[in-house]
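Working notes for the structure below.
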Amino acid sequence: MTEKVFLLPDLGEGLTEAEIVQWRVAVGDTVTVDQTVVEVETAKAVVDVPCPYAGRVVALHGAEGEARPVGQPLITVAEPTAAADPAEPAGHAVYREEERAGSGNVLIGYGTGHGGSRRRRRPRLTPAGLSGAAGVAGSAGSPAATASGPAAVPALVISPIVRRLAREHGVDLTTVRGSGPGGVVRRADVVAAAGALTDAARVGAGGAAARLAAAPELPAAGQSPDPLAAGAPQHPGQAGPAPAGTQDVVIPLTGIRRAIADKLSRSRREIPEVTIWVDADASALLATRAAINAAVPDRPVSILALLARICLSGLRRYPQLNARVDTEGQRIIQSAGVHLGIAAQTDRGLVVPVLRDADRLTTAELAAELAATTTAARVGGLPPARLTGGTFTLNNYGVFGVDGSTPIINHPEAALLGVGRIVDKPWVVDGQLAVRKVTQLSLTFDHRVCDGGVAGGFLRHVADCVEQPALLIAAV
């Protein structure tokens with residue numbers, strides 16, 4: 001047999017390493033061309049890595065939780081000879097010549113360009129919860145099929161953090177009943193399972209269980225507070241007051257969390273940002289959405305989609321905000337198209353998926369693309385390229401139940417529109433006091449690209465369109 005070593009490929013976007021989240025194969029397993037062999041987390045997203053070789057796995061380079069540099073060995077595969085060896089177990093001996101040669105390409109997240117992709121299917125979420133019975137495989141310790149019986153049903157787990165937590169505390173995820181939507185296993189379920197273990201099976205005779213119980217609660221996968229979902233979970237890196245006698249919770253600043261920290265720190269260092277805000281009566285906007293969805297029930301439009309359409313209208317009128325500052329070239333670059341970023345909170349932290357050329361989409365197309373993009377972001381299904389290159393960001397922080405915020409600009413963009421919760425407030429209408437649906441709009445902008453007149457004009461246009469959606473038609 002000939003051994004082939006598959007190196008961690010170039011991940012693009014300037015990424016130099018990836019953390020191994022979960023191996024999908026073990027030493028001794030037989031793999032085929034383009035089969036997913038490992039799930040890794042980069043500073044941009046969690047992605048599946050397919051192997052370009054077929055054969056038997058003879059070595060896995062790196063343990064789960066370990067960071068591997070690009071270009072270093074990831075997995076070693078022994079390729080069988082063309083002729084069958086009588087001593088080989090069935091299914092291990094002969095492969096097609098093109099399989100033995102490998103696919104010759106390793107494009108992460110999309111297969112390797114040879115034959116059909118064997119990517120693991122991720123569960124898809126809708127605003128109503130989790131749909132479909134397919135799930136993500138559980139921890140590496142889950143039982144596999146043996147000669148004496150069938151494989152156990154894999155646990156439905158979205159978060160790599162939950163899988164890692166289960167492994168650390170010896171919890172078999174296939175035995176855990178998930179309490180999340182559609183049976184998704186949450187951190188609380190792992191905590192309960194760990195507490196049910198006997199003292200002999202616990203790590204540290206109860207000390208580990210105490211630390212586990214003190215860890216912050218993660219939201220169910222269907223409850224991630226992206227712009228399409230209501231409610232806001234506790235941040236996975238945010239720990240509440242610890243009970244007396246417990247130890248500090250240490251959370252490594254790695255992967256996406258580290259990338260977020262670096263980007264926000266750079267934004268605050270480089271950009272002289274200013275925030276302005278205004279209250280707006282959103283009653284007419286809610287009525288407009290209801291009328292659209294009543295007329296076309298098979299293609300529902302969200303409030304977020306209408307807000308995105310309003311942002312695009314404002315950027316058409318004030319293109320100075322759809323820009324970035326080139327500090328090395330000492331120039332301001334206004335983008336030809338609007339690549340709209342949508343801030344979304346996920347189990348792995350804050351991400352900003354990008355809708356390319358959003359200004360070319362109709363309102364219905366915008367709504368559909370927003371729904372698909374935020375759903376994929378929530379389950380970690382977006383490739384790194386979909387999380388970069390934005391020119392303007394829309395942040396619906398109202399899902400956290402707050403009225404206002406002064407968010408940090410998503411570097412290197414020049415502006416960000418924030419939307420607070422929509423609540424009943426007293427409002428003067430035609431000289432009379434009334435109860436209306438009111439929201440607070442805030443615009444944080446880079447003072448290098450424009451002055452207050454431009455920023456104020458943009459925000460006022462947005463507020464006017466929220467209060468009078470008919471202005472969107474007039475602005476076309």
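Following the order of the structure tokens, first chain is A, next is B, and so on, with residues numbered from 1 inside each chain and ligands from 1 in the order they appear.
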Task: Residue contacts of A:Gly420 (8 Å, only C-alpha atoms) excluding same-chain residues fewer than 3 positions away, as a PyMOL selection string - done: chain A and resi 396-399+401-405+439-441
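Checking A:Val354, A:Ala291, A:Leu417, A:Leu285 one by one against A:Glu467, counting only C-alpha atoms, you find the shortest gap at A:Leu285.
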Open item on the list: What does the structure give for the distance between atom CA of A:Asn293 and atom CA of A:Ala364, in Å to one decimal?
Closed with: 10.4 Å
Task: For atom CA of A:Val454 and atom CA of A:Val274, the interatomic separation in Å (one decimal) - done: 12.5 Å
